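Structure first, then comments.
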Amino acid sequence: MIELQLGQKIISRKTHPCGGNVWTVERVGTDIKFLCATCGRVVMLPRSRAEKFIKKTAE
Ligand SMILES: [Zn+2]
């Protein structure tokens with residue numbers, strides 16, 4: 001299981017339609033909320049899908 005912390009940056013497996021692939025973790029719980037660093041859109045994913053969504057964590 002990937003350890004996620006609020007404010008952490010992650011790289012997604014798929015590129016967002018805006019062209020970005022860097023996201024900030026906005027909420028950690030049953031659902032994980034990600035904020036696109038490029039366009040500011042938010043996605044909420046259940047943890048099982050969030051783990052597939054994440055390619056790697058970024059510093
Ligand atoms: Zn975006």
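Each chain of the structure tokens is named A, B, ... in the order shown, its residues numbered from 1; ligands are numbered from 1 in display order.
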Exercise for the section: Enumerate as a list in words all residues of chain A assigned to alpha helix (DSSP H) by DSSP on the backbone, naming them with the chain letters and numbers the document uses. Expected result: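 Output for chain A, alpha helix (DSSP H) only: Arg47, Ser48, Arg49, Ala50, Glu51, Lys52 and Phe53 of chain A.
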If you take only C-alpha atoms and all ligand atoms and a cut-off of 6 Å, which residues of chain A touch ligand 1, and what are their nearest atom pairs and distances in Å to one decimal, in chain and number order, as JSON lines?
```
{"residue": "A:His16", "atom": "CA", "partner": "ligand 1", "partner_atom_place_in_ligand_line": "1 (Zn)", "distance": 5.0}
{"residue": "A:Cys18", "atom": "CA", "partner": "ligand 1", "partner_atom_place_in_ligand_line": "1 (Zn)", "distance": 4.4}
{"residue": "A:Gly20", "atom": "CA", "partner": "ligand 1", "partner_atom_place_in_ligand_line": "1 (Zn)", "distance": 5.3}
{"residue": "A:Cys36", "atom": "CA", "partner": "ligand 1", "partner_atom_place_in_ligand_line": "1 (Zn)", "distance": 4.7}
{"residue": "A:Thr38", "atom": "CA", "partner": "ligand 1", "partner_atom_place_in_ligand_line": "1 (Zn)", "distance": 5.1}
{"residue": "A:Cys39", "atom": "CA", "partner": "ligand 1", "partner_atom_place_in_ligand_line": "1 (Zn)", "distance": 4.2}
{"residue": "A:Arg41", "atom": "CA", "partner": "ligand 1", "partner_atom_place_in_ligand_line": "1 (Zn)", "distance": 5.7}
```
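Minimum atom-to-atom distances from A:Phe53, A:Leu4, A:Pro17, A:Lys9 to A:Ala37 were compared using only C-alpha atoms, and the lowest value belongs to A:Lys9.
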Handout entry: Surrounding residues of A:Arg47 excluding itself and chain neighbours under 2 positions, 8 Å, only C-alpha atoms, as a ChimeraX atom specification
Key = /A:29-32,45,49-51
Selection above as a file: N, CA and C atoms, as an mmCIF file, in the first residue's frame:
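File written: out_29.cif
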```cif
data_model
loop_
_atom_site.group_PDB
_atom_site.id
_atom_site.type_symbol
_atom_site.label_atom_id
_atom_site.label_comp_id
_atom_site.auth_asym_id
_atom_site.auth_seq_id
_atom_site.Cartn_x
_atom_site.Cartn_y
_atom_site.Cartn_z
ATOM 1 N N GLY A 29 -8.331 9.400 2.909
ATOM 2 C CA GLY A 29 -9.351 8.736 3.712
ATOM 3 C C GLY A 29 -9.836 7.529 2.949
ATOM 4 N N THR A 30 -11.126 7.237 3.038
ATOM 5 C CA THR A 30 -11.695 6.163 2.230
ATOM 6 C C THR A 30 -11.511 6.503 0.756
ATOM 7 N N ASP A 31 -11.742 7.777 0.442
ATOM 8 C CA ASP A 31 -11.461 8.287 -0.894
ATOM 9 C C ASP A 31 -10.246 9.195 -0.826
ATOM 10 N N ILE A 32 -9.496 9.179 -1.901
ATOM 11 C CA ILE A 32 -8.328 10.052 -1.986
ATOM 12 C C ILE A 32 -8.662 11.161 -2.980
ATOM 13 N N LEU A 45 -10.975 9.537 -5.828
ATOM 14 C CA LEU A 45 -10.931 8.126 -6.181
ATOM 15 C C LEU A 45 -10.908 7.289 -4.906
ATOM 16 N N ARG A 49 -8.608 2.398 -6.487
ATOM 17 C CA ARG A 49 -8.381 3.024 -7.797
ATOM 18 C C ARG A 49 -7.260 4.048 -7.721
ATOM 19 N N ALA A 50 -7.134 4.709 -6.605
ATOM 20 C CA ALA A 50 -6.080 5.708 -6.441
ATOM 21 C C ALA A 50 -4.702 5.059 -6.590
ATOM 22 N N GLU A 51 -4.574 3.844 -6.077
ATOM 23 C CA GLU A 51 -3.270 3.173 -6.164
ATOM 24 C C GLU A 51 -2.917 2.823 -7.605
#
```
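Shortest atom-to-atom contact with A:Ile2 among A:Leu35, A:Val28, A:Val22, A:Gly40: A:Val28, counting only C-alpha atoms.
By chain and then residue number, the residues within 9 Å of A:Lys56 are Ile10, Ile11, Ser12 and Arg13 of chain A, counting only C-alpha atoms and disregarding those fewer than 4 positions away in sequence.
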For the selection you just gave me, I'd like the residues written to a file as an mmCIF file, in the first residue's frame, keeping N, CA and C atoms.
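Saved file selection07.cif follows:
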```
data_model
loop_
_atom_site.group_PDB
_atom_site.id
_atom_site.type_symbol
_atom_site.label_atom_id
_atom_site.label_comp_id
_atom_site.auth_asym_id
_atom_site.auth_seq_id
_atom_site.Cartn_x
_atom_site.Cartn_y
_atom_site.Cartn_z
ATOM 1 N N ILE A 10 2.232 13.662 -6.469
ATOM 2 C CA ILE A 10 2.355 12.354 -7.104
ATOM 3 C C ILE A 10 2.304 12.530 -8.623
ATOM 4 N N ILE A 11 2.846 11.535 -9.311
ATOM 5 C CA ILE A 11 2.796 11.498 -10.772
ATOM 6 C C ILE A 11 1.778 10.428 -11.145
ATOM 7 N N SER A 12 0.817 10.781 -12.004
ATOM 8 C CA SER A 12 -0.204 9.814 -12.390
ATOM 9 C C SER A 12 0.264 8.966 -13.563
ATOM 10 N N ARG A 13 -0.317 7.768 -13.632
ATOM 11 C CA ARG A 13 0.011 6.835 -14.702
ATOM 12 C C ARG A 13 -0.448 7.383 -16.063
#
```
Practice task
Determine which residues of chain A receive a DSSP assignment of strand (DSSP E), computed from the backbone, and state them as a list in words.
Solution key: Lys9, Ile10, Ile11, Ser12, Val22, Trp23, Thr24, Val25, Glu26, Arg27, Asp31, Ile32, Lys33, Phe34, Leu35, Cys36, Val42, Val43, Met44, Leu45, Pro46, Ile54, Lys55, Lys56, Thr57 and Ala58 of chain A
Problem - Coordinates-based distance that separates atom CA of A:Pro46 from atom CA of A:Glu59 (Å, one decimal) - result: 22.9 Å
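A straight-line distance of 17.3 Å separates atom CA of A:Lys55 from atom CA of A:Leu6.
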